[in-house]
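Engineer: I'd like to ask you about the structure that follows.
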Amino acid sequence: MGMASQRGIAMMIFAWGNIVSVFGWFIAIYMVIVISFYSVILVISFFQLRKEYQLDRVQAYEDYSDEFYTKPVSIIVPAYNEEAGIIQSVRSLLSVNYPKFEVIVVNDGSTDFTLEKVIEHYDMKEIKKVVRKQVETKPIGRIYQSNILANLFLIDKENGGKADALNVGLNFSHYPYFCSLDGDSVLEQDAFLKVMKPIIDSNEEVIASGGSVRIANGCQIKNGHIQKIALSNKPLVVMQIIEYLRAFLMGRIGLSRHNLLLIISGAFGVFSKHWVILAGGYKTDTVGEDMELVVRIHRLLKEKGIKKKIVYVPDPVCWTEVPEDLTFLRRQRRRWHRGLFESLWTHRKITFNPKYGSIGFISFPYFWIVEFFGPIIEFLGYLFMILCLFLGGIYVEFAILLFLLSCLYGSIFSMTAVLLEEWSLTKYPRVSDIIKLFLYSLTETIWYRPMTVYWRCEGIWQMIIGDRSWGEMKRKGVSE
Amino acid sequence: MLKNELYFLSILSLTILGLLVVLLMYLSIRKAIDINNRKKIERYIEKYQLILFTMLTEGGYSRGLSPESILEQKAIEELLSRYSKILEGEDEKKRLSDLASLYLIDYYRKRLKSKRWSQRMNTLYHIEDFKLNLLIEDIFMLTKKKRLSREELIHTLRILALFQYENMFEMLTTEYNSLSEYEYRNILGRLVQQQFEQFIFHFHKSSPSLQKAILDVISLKRELNYLPFLENIFSAYKGEIRLRALKALSEIGYVKNTEPYLQLLYSTKWEERMVAAKLIGSLKEVKGISRLIELLHDQTWWVRSQAGQAISQFPNGHQILQEVYETSKDVFAKDMAWEWLHKGV
């Protein structure tokens, strides 16, 4: 071997080492930035939540149940093959504590007996009505009204997806506010009072309002009511509970304070119909129609220079069923990630555009960098850690550094979220629940986080190779 | 190379972890205590339930009930709160208020000064529910407090209104003259007639949101003696205020002279046509029927819908709607007629 080639190899090793450390530092700095961002949000949430600790909420919402003060709400329930849970869902909705509302079930061309079940159970009779087409939709078929309950309607339409079904409900609805609800969620009795409060209080300056979504798996539910709150025994569900707590208690409250909210959860939120129709209704060709709509409304407001708000209420208002096994959770996460991308990409113009103010400079960069690219960087981080362990020497130290950072990033924030819940809302009844949640969140960095990160990367990959399929979630029904 | 960073990060992580564990311990203990207290309160509730109920329904006092601990007071508070929602009779309500004054007033005085916002709010809710008139001065003093939150202020004003505090009018027109319509409505709705009339005399000088609130409260009260006032407002004002006055008139369902309102059915503004239709419907003014039938063909959905409702209020309303449904060539009018024919089946 000649001198030249030896020097070549030395150079290569040197360059390689350089690349490795530059990359390592990049990941480390990225994590530090994200950790600081989360910390700021945490502090904001902390004060907001503390204020309402032990507030008697029943009392606080009592006035709003007086019809004179409240605005009527249309509840839209898109149903596609939900024969298992539809009657329960509707029953839970009909018993909601709110002075004036209507329930509109939109049967999105189900191939099972969803339609027949509702017709039979609630004695639905066909009515003739011209529906104002304010948003384009697939053609609708018959419209029914219940003979027993005048505020229950059922619309049969051609299959066109959830967003299309929501648009049909939107066209048909009679009231100025509407709420969309997934087939298998259970509402708290006072859900509407809670989310409508900011709208009424602000004299309609707030045009959309969402509430916390909690996980129903493990709770006792009867006839569409939560009977007893309890923790599930399945680790995968417990981890999702922690994840939800973290997202809702920490992230959204902090963002809501500054009107930066880009997501009203698909599971529960109330919108002003006027603004949604002005924005053009739900978009049908995306998997994340809920987020996309909120972004579009924000955009509309900024473009027209109107001061309206979208807020979030920390109170849990809706309980939903989450996947209990890996296959379905994996599909869900892939789908979510794709939905996120589609919303961001459709409205990419907003990113760093001074016209859109804080949405353009804080919300959008946050969703791009932390939510969308985050998983890729984290995933590379995990690979890098493994690589460093093999390289040995100072790289091992580097691996430890990254691991500590990701502990801060993952476990510690989750643990804080769990404690924040117990400190302010105290929804879980037993001491052991809290300890269990705390200990589980300690393990997040080791298994749950890498797993979900991997799935989200898969979602990106699917998008790149153009795989358009997504599985429906299998529901076993939350109600007894 | 990374010794320092590693050292720093490990210390940081461990410190935070340590802090969190301490916090966890604190919260667990707190939870255990809370659960225990809750059980005790439940036991007190069970123990006092009957005594309290007898006192409420039959009057008199019982020596068996002398709450000393905070938990006992909480139990009584909860019991009274439950009863306050179901008791109907005036005597019972009076007794409830007396009992609450007897057992809870010192507790509330203290809690109104609590450092915690949520505690103060809860206390305000209860004072309102139990109508604790005796605390009126304490409540008034709250409004003078610096750094009073918006929610507290509004609730304080509501309670003062409920207790018919004499300076309400001055307070709302000078010091607190920029409340929202909803807030004003909430406060004004609690005033008795004599107090409320001060606002009516002052109407022309009020802010638009106070004006709207006044009109809404009238439409809620539906009292015939506000009729001249409303008709006056209707002819003197424009826009939203005029519409609200009309709405209030339609709630009352009576006017002296229907002519100007029949004219309004031809207004160029759809909002006015809509509210006018509502009014004519509630007046059951036969002269308006032919125009209402025309309004079933109006281009605005709201007007059509209101016209349909108005027609259905007439004694022969169904017949008219049936006719429109059978003879009209306009699909929208047909549809609306059908809808009102089948409303509330």
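Order determines the names: the first chain of the structure tokens is A, the second B, and so forth; residues in each chain are numbered 1 upward, and ligands are numbered 1 upward as they are shown.
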Can I get the residues of chain A within 8 Å of chain B, each with the closest pair of atoms and their distance in Å to one decimal, using only C-alpha atoms, sorted chain first then ascending number, as JSON lines?
Structural biologist:
```
{"residue": "A:Lys51", "atom": "CA", "partner": "B:Trp117", "partner_atom": "CA", "distance": 6.2}
{"residue": "A:Glu52", "atom": "CA", "partner": "B:Ser118", "partner_atom": "CA", "distance": 5.5}
{"residue": "A:Tyr53", "atom": "CA", "partner": "B:Ser118", "partner_atom": "CA", "distance": 6.4}
{"residue": "A:Gln54", "atom": "CA", "partner": "B:Ser118", "partner_atom": "CA", "distance": 6.3}
{"residue": "A:Leu55", "atom": "CA", "partner": "B:Ser118", "partner_atom": "CA", "distance": 4.7}
{"residue": "A:Asp56", "atom": "CA", "partner": "B:Asn122", "partner_atom": "CA", "distance": 5.8}
{"residue": "A:Gln59", "atom": "CA", "partner": "B:Tyr125", "partner_atom": "CA", "distance": 6.4}
{"residue": "A:Ala60", "atom": "CA", "partner": "B:Tyr125", "partner_atom": "CA", "distance": 7.5}
{"residue": "A:Phe68", "atom": "CA", "partner": "B:Leu220", "partner_atom": "CA", "distance": 7.9}
{"residue": "A:Tyr69", "atom": "CA", "partner": "B:Tyr182", "partner_atom": "CA", "distance": 7.7}
{"residue": "A:Lys128", "atom": "CA", "partner": "B:Asp335", "partner_atom": "CA", "distance": 7.1}
{"residue": "A:Lys129", "atom": "CA", "partner": "B:Asp335", "partner_atom": "CA", "distance": 5.7}
{"residue": "A:Val130", "atom": "CA", "partner": "B:Asp335", "partner_atom": "CA", "distance": 6.2}
{"residue": "A:Asn147", "atom": "CA", "partner": "B:Val345", "partner_atom": "CA", "distance": 6.7}
{"residue": "A:Ala150", "atom": "CA", "partner": "B:Gly344", "partner_atom": "CA", "distance": 5.8}
{"residue": "A:Ile200", "atom": "CA", "partner": "B:Tyr182", "partner_atom": "CA", "distance": 7.5}
{"residue": "A:Asp201", "atom": "CA", "partner": "B:Tyr182", "partner_atom": "CA", "distance": 7.1}
{"residue": "A:Asn203", "atom": "CA", "partner": "B:Tyr182", "partner_atom": "CA", "distance": 6.7}
{"residue": "A:Ile394", "atom": "CA", "partner": "B:Met1", "partner_atom": "CA", "distance": 7.3}
{"residue": "A:Glu397", "atom": "CA", "partner": "B:Leu2", "partner_atom": "CA", "distance": 6.7}
{"residue": "A:Phe398", "atom": "CA", "partner": "B:Leu2", "partner_atom": "CA", "distance": 7.2}
{"residue": "A:Ile400", "atom": "CA", "partner": "B:Leu6", "partner_atom": "CA", "distance": 7.6}
{"residue": "A:Leu401", "atom": "CA", "partner": "B:Leu6", "partner_atom": "CA", "distance": 5.8}
{"residue": "A:Leu404", "atom": "CA", "partner": "B:Leu9", "partner_atom": "CA", "distance": 6.8}
{"residue": "A:Leu405", "atom": "CA", "partner": "B:Leu9", "partner_atom": "CA", "distance": 7.6}
{"residue": "A:Cys407", "atom": "CA", "partner": "B:Ser13", "partner_atom": "CA", "distance": 7.9}
{"residue": "A:Leu408", "atom": "CA", "partner": "B:Ser13", "partner_atom": "CA", "distance": 6.7}
{"residue": "A:Ile412", "atom": "CA", "partner": "B:Leu17", "partner_atom": "CA", "distance": 7.2}
{"residue": "A:Met415", "atom": "CA", "partner": "B:Leu20", "partner_atom": "CA", "distance": 7.5}
{"residue": "A:Thr416", "atom": "CA", "partner": "B:Leu20", "partner_atom": "CA", "distance": 7.1}
{"residue": "A:Leu419", "atom": "CA", "partner": "B:Leu24", "partner_atom": "CA", "distance": 6.7}
{"residue": "A:Glu422", "atom": "CA", "partner": "B:Leu27", "partner_atom": "CA", "distance": 7.0}
{"residue": "A:Trp423", "atom": "CA", "partner": "B:Leu27", "partner_atom": "CA", "distance": 6.8}
{"residue": "A:Arg430", "atom": "CA", "partner": "B:Lys31", "partner_atom": "CA", "distance": 7.8}
{"residue": "A:Val431", "atom": "CA", "partner": "B:Ser28", "partner_atom": "CA", "distance": 5.7}
{"residue": "A:Ile434", "atom": "CA", "partner": "B:Ser28", "partner_atom": "CA", "distance": 7.5}
{"residue": "A:Ile435", "atom": "CA", "partner": "B:Leu24", "partner_atom": "CA", "distance": 7.6}
{"residue": "A:Phe438", "atom": "CA", "partner": "B:Leu24", "partner_atom": "CA", "distance": 8.0}
```
Engineer: Generate a file of the selected residues that holds N, CA and C atoms, formatted as a CSV table (one decimal), in the first residue's frame.
Structural biologist:
```csv
chain,number,residue,atom,x,y,z
A,51,LYS,N,-55.4,28.1,38.0
A,51,LYS,CA,-56.4,29.1,38.3
A,51,LYS,C,-57.8,28.3,38.6
A,52,GLU,N,-58.0,27.3,37.8
A,52,GLU,CA,-59.3,26.7,37.9
A,52,GLU,C,-59.4,25.5,38.8
A,53,TYR,N,-58.3,25.2,39.5
A,53,TYR,CA,-58.3,24.1,40.4
A,53,TYR,C,-59.4,24.1,41.4
A,54,GLN,N,-60.2,23.1,41.5
A,54,GLN,CA,-61.3,22.9,42.4
A,54,GLN,C,-62.5,23.9,42.2
A,55,LEU,N,-62.5,24.5,41.0
A,55,LEU,CA,-63.7,25.3,40.7
A,55,LEU,C,-64.9,24.4,40.5
A,56,ASP,N,-66.0,24.9,41.1
A,56,ASP,CA,-67.2,24.1,41.0
A,56,ASP,C,-67.8,24.2,39.6
A,59,GLN,N,-71.7,24.5,38.8
A,59,GLN,CA,-72.2,25.9,39.1
A,59,GLN,C,-71.8,26.8,38.0
A,60,ALA,N,-70.5,26.7,37.6
A,60,ALA,CA,-70.0,27.7,36.6
A,60,ALA,C,-70.8,27.6,35.3
A,68,PHE,N,-82.5,31.2,27.0
A,68,PHE,CA,-82.5,32.5,26.6
A,68,PHE,C,-81.1,33.0,26.2
A,69,TYR,N,-80.1,32.5,27.0
A,69,TYR,CA,-78.7,32.9,26.8
A,69,TYR,C,-77.9,32.1,25.8
A,128,LYS,N,-89.9,15.6,3.2
A,128,LYS,CA,-89.5,16.3,2.0
A,128,LYS,C,-88.9,17.6,2.3
A,129,LYS,N,-87.7,17.8,1.9
A,129,LYS,CA,-87.1,19.1,2.2
A,129,LYS,C,-86.1,19.5,1.2
A,130,VAL,N,-86.1,20.7,0.8
A,130,VAL,CA,-85.0,21.2,-0.1
A,130,VAL,C,-83.9,21.6,0.8
A,147,ASN,N,-90.3,10.3,14.6
A,147,ASN,CA,-91.7,10.6,15.0
A,147,ASN,C,-91.8,10.8,16.5
A,150,ALA,N,-88.6,15.3,17.7
A,150,ALA,CA,-88.6,16.2,16.5
A,150,ALA,C,-87.3,16.7,16.2
A,200,ILE,N,-70.2,32.2,24.0
A,200,ILE,CA,-71.2,33.1,24.5
A,200,ILE,C,-70.5,34.2,25.3
A,201,ASP,N,-69.6,33.9,26.2
A,201,ASP,CA,-68.9,34.9,27.0
A,201,ASP,C,-68.2,35.9,26.1
A,203,ASN,N,-69.1,37.1,23.4
A,203,ASN,CA,-70.0,37.7,22.5
A,203,ASN,C,-69.7,37.3,21.1
A,394,ILE,N,-15.4,8.2,22.2
A,394,ILE,CA,-16.2,9.3,22.6
A,394,ILE,C,-17.6,9.2,22.1
A,397,GLU,N,-20.2,8.4,24.7
A,397,GLU,CA,-20.6,9.5,25.5
A,397,GLU,C,-21.7,10.3,24.7
A,398,PHE,N,-21.5,10.4,23.5
A,398,PHE,CA,-22.4,11.2,22.6
A,398,PHE,C,-23.8,10.5,22.7
A,400,ILE,N,-24.9,8.7,25.0
A,400,ILE,CA,-25.5,8.9,26.4
A,400,ILE,C,-26.2,10.3,26.4
A,401,LEU,N,-25.4,11.2,25.8
A,401,LEU,CA,-25.9,12.6,25.8
A,401,LEU,C,-27.3,12.7,25.1
A,404,LEU,N,-30.0,11.0,27.2
A,404,LEU,CA,-30.5,11.9,28.3
A,404,LEU,C,-31.5,13.0,27.7
A,405,LEU,N,-31.0,13.5,26.6
A,405,LEU,CA,-31.9,14.6,26.0
A,405,LEU,C,-33.3,14.0,25.6
A,407,CYS,N,-34.7,11.6,27.0
A,407,CYS,CA,-35.5,11.3,28.2
A,407,CYS,C,-36.2,12.6,28.6
A,408,LEU,N,-35.4,13.7,28.6
A,408,LEU,CA,-36.1,15.0,28.9
A,408,LEU,C,-37.2,15.2,28.0
A,412,ILE,N,-39.8,12.9,30.7
A,412,ILE,CA,-40.0,14.0,31.7
A,412,ILE,C,-41.2,14.8,31.4
A,415,MET,N,-44.3,12.8,32.3
A,415,MET,CA,-44.5,12.7,33.7
A,415,MET,C,-45.1,14.0,34.2
A,416,THR,N,-44.5,15.1,33.7
A,416,THR,CA,-45.1,16.4,34.2
A,416,THR,C,-46.5,16.6,33.8
A,419,LEU,N,-48.7,14.7,36.3
A,419,LEU,CA,-48.8,15.4,37.5
A,419,LEU,C,-49.6,16.6,37.4
A,422,GLU,N,-53.2,15.7,37.8
A,422,GLU,CA,-53.6,15.4,39.1
A,422,GLU,C,-53.6,16.7,40.0
A,423,TRP,N,-52.8,17.6,39.6
A,423,TRP,CA,-52.6,18.8,40.3
A,423,TRP,C,-53.8,19.8,40.1
A,430,ARG,N,-58.4,7.1,41.9
A,430,ARG,CA,-57.6,6.4,42.9
A,430,ARG,C,-56.1,6.9,43.0
A,431,VAL,N,-55.5,6.8,44.1
A,431,VAL,CA,-54.1,7.2,44.2
A,431,VAL,C,-53.2,6.3,43.3
A,434,ILE,N,-52.7,7.3,39.6
A,434,ILE,CA,-51.7,8.4,39.4
A,434,ILE,C,-50.3,7.8,39.4
A,435,ILE,N,-50.0,6.9,40.4
A,435,ILE,CA,-48.7,6.3,40.5
A,435,ILE,C,-48.5,5.5,39.2
A,438,PHE,N,-47.7,7.6,36.3
A,438,PHE,CA,-46.4,8.2,36.5
A,438,PHE,C,-45.3,7.2,36.1
```
Engineer: Can you tell me which residues surround Thr300 (chain B) at a distance of at most 10 Å, considering only C-alpha atoms, apart from same-chain residues fewer than 4 positions away, and format the answer as a JSON list (two decimals) with C-alpha atoms, in the first residue's frame?
Structural biologist:
```json
[["chain", "number", "residue", "atom", "x", "y", "z"],
["B", 270, "TRP", "CA", -84.38, 40.88, 4.82],
["B", 271, "GLU", "CA", -83.76, 41.05, 8.56],
["B", 273, "ARG", "CA", -88.94, 41.42, 6.73],
["B", 274, "MET", "CA", -88.10, 38.42, 8.88],
["B", 295, "LEU", "CA", -92.97, 36.05, 1.74],
["B", 296, "LEU", "CA", -93.02, 32.26, 1.49],
["B", 304, "ARG", "CA", -89.39, 32.13, 4.13],
["B", 305, "SER", "CA", -88.99, 30.09, 7.26]]
```
Engineer: Considering only C-alpha atoms, can you say which of B:Lys287, B:Lys256, B:His297, B:Lys131 comes closest to Leu224 (chain B)?
Structural biologist: B:Lys256
Engineer: If you run DSSP on the backbone, which residues of region 215-292 of chain B are helix (DSSP H, G or I), as a PyMOL selection string?
Structural biologist: chain B and resi 215-221+224-236+239-252+259-264+270-283+286-292
Engineer: Could you save those same residues with C-alpha atoms as a PDB file, in the first residue's frame?
Structural biologist:
```pdb
ATOM      1  CA  LEU B 215     -84.571  45.262  24.922  1.00  0.00           C
ATOM      2  CA  ASP B 216     -83.742  41.587  25.332  1.00  0.00           C
ATOM      3  CA  VAL B 217     -84.638  41.628  28.981  1.00  0.00           C
ATOM      4  CA  ILE B 218     -87.984  43.168  28.059  1.00  0.00           C
ATOM      5  CA  SER B 219     -88.639  40.436  25.524  1.00  0.00           C
ATOM      6  CA  LEU B 220     -87.922  37.941  28.259  1.00  0.00           C
ATOM      7  CA  LYS B 221     -90.241  39.621  30.762  1.00  0.00           C
ATOM      8  CA  LEU B 224     -97.500  44.768  28.541  1.00  0.00           C
ATOM      9  CA  ASN B 225     -96.552  48.016  30.274  1.00  0.00           C
ATOM     10  CA  TYR B 226     -93.346  48.322  28.240  1.00  0.00           C
ATOM     11  CA  LEU B 227     -95.369  48.512  25.045  1.00  0.00           C
ATOM     12  CA  PRO B 228     -95.328  52.320  24.565  1.00  0.00           C
ATOM     13  CA  PHE B 229     -91.602  52.318  25.207  1.00  0.00           C
ATOM     14  CA  LEU B 230     -90.967  49.620  22.619  1.00  0.00           C
ATOM     15  CA  GLU B 231     -93.103  51.270  19.965  1.00  0.00           C
ATOM     16  CA  ASN B 232     -91.289  54.485  20.656  1.00  0.00           C
ATOM     17  CA  ILE B 233     -87.908  52.819  20.195  1.00  0.00           C
ATOM     18  CA  PHE B 234     -89.143  51.158  17.038  1.00  0.00           C
ATOM     19  CA  SER B 235     -89.970  54.473  15.416  1.00  0.00           C
ATOM     20  CA  ALA B 236     -86.967  56.395  16.751  1.00  0.00           C
ATOM     21  CA  GLY B 239     -80.742  48.945  12.450  1.00  0.00           C
ATOM     22  CA  GLU B 240     -80.110  46.361  15.120  1.00  0.00           C
ATOM     23  CA  ILE B 241     -81.779  48.297  17.954  1.00  0.00           C
ATOM     24  CA  ARG B 242     -84.956  48.657  15.912  1.00  0.00           C
ATOM     25  CA  LEU B 243     -84.927  44.925  15.159  1.00  0.00           C
ATOM     26  CA  ARG B 244     -84.537  44.069  18.826  1.00  0.00           C
ATOM     27  CA  ALA B 245     -87.460  46.306  19.712  1.00  0.00           C
ATOM     28  CA  LEU B 246     -89.524  44.506  17.079  1.00  0.00           C
ATOM     29  CA  LYS B 247     -88.496  41.162  18.458  1.00  0.00           C
ATOM     30  CA  ALA B 248     -89.547  42.229  21.928  1.00  0.00           C
ATOM     31  CA  LEU B 249     -92.905  43.368  20.527  1.00  0.00           C
ATOM     32  CA  SER B 250     -93.408  40.011  18.881  1.00  0.00           C
ATOM     33  CA  GLU B 251     -92.690  38.299  22.204  1.00  0.00           C
ATOM     34  CA  ILE B 252     -95.361  40.401  23.880  1.00  0.00           C
ATOM     35  CA  GLU B 259    -100.140  49.562  10.134  1.00  0.00           C
ATOM     36  CA  PRO B 260     -96.403  50.448  10.438  1.00  0.00           C
ATOM     37  CA  TYR B 261     -95.550  46.800  10.985  1.00  0.00           C
ATOM     38  CA  LEU B 262     -97.546  45.665   7.992  1.00  0.00           C
ATOM     39  CA  GLN B 263     -95.516  48.171   6.001  1.00  0.00           C
ATOM     40  CA  LEU B 264     -92.344  46.631   7.305  1.00  0.00           C
ATOM     41  CA  TRP B 270     -84.380  40.884   4.818  1.00  0.00           C
ATOM     42  CA  GLU B 271     -83.762  41.052   8.557  1.00  0.00           C
ATOM     43  CA  GLU B 272     -86.626  43.499   8.893  1.00  0.00           C
ATOM     44  CA  ARG B 273     -88.939  41.419   6.733  1.00  0.00           C
ATOM     45  CA  MET B 274     -88.098  38.422   8.884  1.00  0.00           C
ATOM     46  CA  VAL B 275     -88.766  40.036  12.252  1.00  0.00           C
ATOM     47  CA  ALA B 276     -91.870  41.757  10.901  1.00  0.00           C
ATOM     48  CA  ALA B 277     -93.200  38.368   9.800  1.00  0.00           C
ATOM     49  CA  LYS B 278     -92.518  37.049  13.280  1.00  0.00           C
ATOM     50  CA  LEU B 279     -94.443  39.949  14.784  1.00  0.00           C
ATOM     51  CA  ILE B 280     -97.428  39.673  12.432  1.00  0.00           C
ATOM     52  CA  GLY B 281     -97.582  35.976  13.226  1.00  0.00           C
ATOM     53  CA  SER B 282     -97.654  36.503  16.953  1.00  0.00           C
ATOM     54  CA  LEU B 283    -100.220  39.333  16.547  1.00  0.00           C
ATOM     55  CA  VAL B 286    -105.328  38.889   9.400  1.00  0.00           C
ATOM     56  CA  LYS B 287    -104.438  41.856   7.171  1.00  0.00           C
ATOM     57  CA  GLY B 288    -100.914  40.481   6.943  1.00  0.00           C
ATOM     58  CA  ILE B 289    -101.765  37.022   5.636  1.00  0.00           C
ATOM     59  CA  SER B 290    -101.607  37.793   1.943  1.00  0.00           C
ATOM     60  CA  ARG B 291     -98.177  39.363   2.286  1.00  0.00           C
ATOM     61  CA  LEU B 292     -96.958  36.484   4.446  1.00  0.00           C
TER      62      LEU B 292
END
```
Engineer: Do you know which residues are at most 12 Å from Ile460 (chain A) counting only C-alpha atoms, after dropping those on the same chain fewer than 2 positions away, and could you put them as a PyMOL selection string?
Structural biologist: chain A and resi 333-342+372-376+453-458+462-468
Engineer: Now that the selection is made, can you save its residues with N, CA and C atoms as a tab-separated table (two decimals), in the first residue's frame?
Structural biologist:
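And here's selection29.tsv as it stands now:
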```
chain	number	residue	atom	x	y	z
A	333	ARG	N	-51.64	6.03	13.45
A	333	ARG	CA	-50.55	7.00	13.49
A	333	ARG	C	-50.05	7.35	12.10
A	334	ARG	N	-49.99	6.36	11.25
A	334	ARG	CA	-49.58	6.65	9.88
A	334	ARG	C	-50.55	7.62	9.24
A	335	ARG	N	-51.85	7.37	9.45
A	335	ARG	CA	-52.88	8.20	8.85
A	335	ARG	C	-52.80	9.63	9.38
A	336	TRP	N	-52.64	9.74	10.70
A	336	TRP	CA	-52.54	11.07	11.31
A	336	TRP	C	-51.40	11.86	10.70
A	337	HIS	N	-50.29	11.16	10.53
A	337	HIS	CA	-49.12	11.89	10.07
A	337	HIS	C	-49.32	12.38	8.65
A	338	ARG	N	-50.00	11.56	7.87
A	338	ARG	CA	-50.26	11.98	6.51
A	338	ARG	C	-51.24	13.16	6.49
A	339	GLY	N	-52.24	13.09	7.37
A	339	GLY	CA	-53.21	14.18	7.45
A	339	GLY	C	-52.52	15.49	7.81
A	340	LEU	N	-51.59	15.38	8.75
A	340	LEU	CA	-50.84	16.56	9.15
A	340	LEU	C	-50.10	17.16	7.97
A	341	PHE	N	-49.44	16.29	7.22
A	341	PHE	CA	-48.67	16.78	6.09
A	341	PHE	C	-49.57	17.46	5.07
A	342	GLU	N	-50.70	16.81	4.78
A	342	GLU	CA	-51.59	17.37	3.76
A	342	GLU	C	-52.08	18.76	4.13
A	372	PHE	N	-44.03	17.53	12.22
A	372	PHE	CA	-43.85	16.75	11.00
A	372	PHE	C	-42.44	16.18	10.85
A	373	PHE	N	-41.42	17.05	10.90
A	373	PHE	CA	-40.06	16.56	10.71
A	373	PHE	C	-39.50	15.92	11.97
A	374	GLY	N	-40.11	16.25	13.11
A	374	GLY	CA	-39.65	15.70	14.38
A	374	GLY	C	-39.39	14.20	14.33
A	375	PRO	N	-40.38	13.41	13.93
A	375	PRO	CA	-40.19	11.96	13.92
A	375	PRO	C	-39.01	11.52	13.07
A	376	ILE	N	-38.79	12.18	11.93
A	376	ILE	CA	-37.65	11.77	11.09
A	376	ILE	C	-36.36	12.02	11.84
A	453	VAL	N	-42.67	6.93	16.77
A	453	VAL	CA	-41.83	7.68	15.84
A	453	VAL	C	-41.62	6.87	14.56
A	454	TYR	N	-41.38	5.60	14.73
A	454	TYR	CA	-41.17	4.74	13.57
A	454	TYR	C	-42.42	4.71	12.69
A	455	TRP	N	-43.58	4.59	13.32
A	455	TRP	CA	-44.83	4.54	12.54
A	455	TRP	C	-45.06	5.82	11.77
A	456	ARG	N	-44.75	6.93	12.42
A	456	ARG	CA	-44.98	8.19	11.73
A	456	ARG	C	-44.03	8.33	10.54
A	457	CYS	N	-42.80	7.80	10.72
A	457	CYS	CA	-41.89	7.81	9.57
A	457	CYS	C	-42.44	6.92	8.46
A	458	GLU	N	-43.04	5.83	8.86
A	458	GLU	CA	-43.69	4.95	7.87
A	458	GLU	C	-44.75	5.71	7.09
A	462	GLN	N	-44.93	5.99	3.17
A	462	GLN	CA	-46.11	5.62	2.38
A	462	GLN	C	-46.50	6.74	1.44
A	463	MET	N	-46.37	7.95	1.95
A	463	MET	CA	-46.76	9.09	1.15
A	463	MET	C	-45.83	9.23	-0.05
A	464	ILE	N	-44.52	9.01	0.23
A	464	ILE	CA	-43.54	9.16	-0.84
A	464	ILE	C	-43.76	8.12	-1.94
A	465	ILE	N	-44.03	6.87	-1.53
A	465	ILE	CA	-44.21	5.85	-2.56
A	465	ILE	C	-45.64	5.84	-3.10
A	466	GLY	N	-46.47	6.75	-2.57
A	466	GLY	CA	-47.80	6.94	-3.15
A	466	GLY	C	-48.83	5.90	-2.76
A	467	ASP	N	-48.66	5.29	-1.59
A	467	ASP	CA	-49.65	4.34	-1.10
A	467	ASP	C	-50.83	5.12	-0.52
A	468	ARG	N	-52.00	4.94	-1.08
A	468	ARG	CA	-53.13	5.78	-0.69
A	468	ARG	C	-54.10	5.06	0.26
```
Engineer: Could you check how far CA of Gln6 (chain A) sits from CA of Ile19 (chain A), in Å to one decimal?
Structural biologist: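 Between these atoms lies a distance of 20.0 Å.
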Engineer: Tell me which protein, DNA and RNA residues are within 6 Å of Phe178 (chain A), counting only C-alpha atoms, leaving out same-chain ones fewer than 6 positions away, and put them as a PyMOL selection string.
Structural biologist: chain A and resi 73-75+270-271
Engineer: Go ahead and save the picked residues with C-alpha atoms, as a PDB file, in the first residue's frame.
Structural biologist:
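The file below, result32.pdb, is the result:
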```pdb
ATOM      1  CA  VAL A  73     -76.283  23.744  18.192  1.00  0.00           C
ATOM      2  CA  SER A  74     -76.590  21.171  15.426  1.00  0.00           C
ATOM      3  CA  ILE A  75     -74.801  17.926  16.180  1.00  0.00           C
ATOM      4  CA  VAL A 270     -67.999  23.355  18.069  1.00  0.00           C
ATOM      5  CA  PHE A 271     -67.775  25.719  15.112  1.00  0.00           C
TER       6      PHE A 271
END
```
Engineer: If we count only C-alpha atoms and set the cut-off at 8 Å, which residues sit around Glu188 (chain A), ignoring sequence neighbours fewer than 3 positions away in its own chain? Please answer as a list in words.
Structural biologist: Val96, Ala191, His225, Ile226, Pro316, Val317, Cys318 and Trp319 of chain A
Engineer: Report as an NGL selection string all protein, DNA and RNA residues lying within 10 Å of Lys157 (chain A), evaluated on only C-alpha atoms, omitting residues in the same chain fewer than 4 positions from it.
Structural biologist: :A and (106-110 or 137-143 or 164-165 or 168)
Engineer: Do you know which residues are at most 9 Å from Ile207 (chain A) counting only C-alpha atoms, after dropping those on the same chain fewer than 5 positions away, and could you put them as a PDB file with C-alpha atoms, in the first residue's frame?
Structural biologist:
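Okay, this is what ended up in around_23.pdb:
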```pdb
ATOM      1  CA  TYR A 177     -73.370  26.470  15.550  1.00  0.00           C
ATOM      2  CA  ILE A 199     -68.352  31.551  22.571  1.00  0.00           C
ATOM      3  CA  VAL A 270     -67.999  23.355  18.069  1.00  0.00           C
ATOM      4  CA  PHE A 271     -67.775  25.719  15.112  1.00  0.00           C
ATOM      5  CA  SER A 272     -69.715  28.718  13.968  1.00  0.00           C
ATOM      6  CA  LYS A 273     -71.491  27.563  10.811  1.00  0.00           C
ATOM      7  CA  TRP A 275     -67.451  30.925   9.210  1.00  0.00           C
ATOM      8  CA  LYS A 308     -61.870  36.262  15.782  1.00  0.00           C
ATOM      9  CA  LYS A 309     -60.578  33.491  17.961  1.00  0.00           C
ATOM     10  CA  ILE A 310     -60.372  29.760  18.171  1.00  0.00           C
ATOM     11  CA  VAL A 311     -60.068  28.468  21.714  1.00  0.00           C
TER      12      VAL A 311
END
```
